[in-house]
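K.L.:
Next comes protein-v3.txt, compact mmCIF, C-alpha atoms:
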# COMPACT_ATOMS: atom_id res chain seq x y z
CA MET A 225 0.00 0.00 0.00
CA GLU A 226 2.80 2.40 0.84
CA ASP A 227 4.25 1.97 -2.65
CA GLN A 228 0.91 2.91 -4.20
CA ILE A 229 0.69 6.00 -1.99
CA ARG A 230 4.25 6.99 -2.90
CA LYS A 231 3.36 6.64 -6.59
CA LEU A 232 0.27 8.85 -6.17
CA ASN A 233 2.31 11.30 -4.11
CA GLN A 234 4.85 11.62 -6.89
CA GLU A 235 2.29 11.67 -9.69
CA TYR A 236 0.06 14.35 -8.16
CA GLY A 237 2.71 16.29 -6.23
CA PHE A 238 1.09 15.96 -2.80
CA ASN A 239 4.50 16.41 -1.10
CA LEU A 240 3.65 13.94 1.66
CA SER A 241 6.25 13.12 4.26
CA GLU A 242 7.24 9.51 4.96
CA ASP A 243 5.29 9.68 8.24
CA GLU A 244 2.17 10.84 6.40
CA ILE A 245 2.53 8.04 3.85
CA GLN A 246 2.80 5.46 6.62
CA LEU A 247 -0.20 6.96 8.44
CA ILE A 248 -2.34 6.85 5.29
CA ALA A 249 -1.32 3.23 4.66
CA GLN A 250 -2.17 2.32 8.26
CA ARG A 251 -5.58 4.01 8.11
CA THR A 252 -6.32 2.34 4.78
CA ALA A 253 -5.61 -1.07 6.28
CA GLU A 254 -7.92 -0.25 9.20
CA PHE A 255 -10.72 0.79 6.86
CA GLU A 256 -10.28 -2.35 4.76
CA ARG A 257 -10.76 -4.49 7.89
CA LEU A 258 -13.72 -2.37 8.98
CA PHE A 259 -15.54 -2.67 5.67
CA GLN A 260 -14.61 -6.30 4.95
CA CYS A 261 -18.09 -7.53 5.93
CA LEU A 262 -19.69 -5.06 3.49
CA TYR A 263 -17.64 -6.44 0.62
CA LYS A 264 -19.26 -9.83 1.21
CA VAL A 265 -22.83 -8.53 0.80
CA ASP A 266 -24.32 -9.62 -2.52
CA LEU A 267 -26.47 -6.84 -3.96
CA ALA A 268 -27.05 -8.49 -7.32
CA GLY A 269 -30.67 -8.13 -8.33
CA MET A 270 -31.41 -5.52 -5.68
CA THR A 271 -33.27 -2.39 -6.76
CA PRO A 272 -31.76 0.84 -5.45
CA LEU A 273 -33.87 2.88 -3.06
CA LEU A 274 -33.46 5.92 -5.29
CA LYS A 275 -33.49 5.86 -9.08
CA PHE A 276 -32.29 8.63 -11.36
CA ASP A 277 -34.10 9.39 -14.58
CA ARG A 278 -31.39 9.93 -17.18
CA GLU A 279 -33.72 11.61 -19.65
CA PRO A 280 -34.72 15.22 -18.93
CA SER A 281 -38.39 15.89 -18.28
If you convert what's in this file into structure tokens, what do you get?

P.N.:
Amino acid sequence: MEDQIRKLNQEYGFNLSEDEIQLIAQRTAEFERLFQCLYKVDLAGMTPLLKFDREPS
């Protein structure tokens, strides 16, 4: 993860310090564990609560 953050840092010029990169990587790992159960939910065939009409009225 840290390598990906370093790549984005270089590509977009965020000028992140090494401590900031490590903190972002740590928080990302925490969020991945937190949301792991949501990734397992199968929403195939479920209708969204809100639909958007793509054609103007």

K.L.:
So what do you get for CA of Ile229 (chain A) versus CA of Glu244 (chain A), distance-wise?

P.N.:
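Atom-to-atom, CA of Ile229 (chain A) and CA of Glu244 (chain A) are spaced 9.8 Å apart.
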
K.L.:
Quick one, how far is CA of Asp243 (chain A) from CA of Asp227 (chain A)?

P.N.:
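Interatomic distance, CA of Asp243 (chain A) to CA of Asp227 (chain A): 13.4 Å.
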
K.L.:
Please indicate the distance in Å from CA of Gln246 (chain A) to CA of Met225 (chain A), rounded to one decimal place.

P.N.:
9.0 Å

K.L.:
Need to verify the contact set: Asn239 (chain A), 10 Å, all atoms listed in the file, exclusion of same-chain residues closer than 6 positions in sequence. Can you return it as a ChimeraX atom specification?

P.N.:
/A:230,233,245

K.L.:
Report, as lines of an AutoDock Vina configuration file, the centre and edge lengths in Å (one decimal) of the axis-aligned box enclosing every listed atom of region 243-250 of chain A, padded by 6 Å on each side.

P.N.:
center_x = 1.5
center_y = 6.6
center_z = 6.1
size_x = 19.6
size_y = 20.5
size_z = 16.6
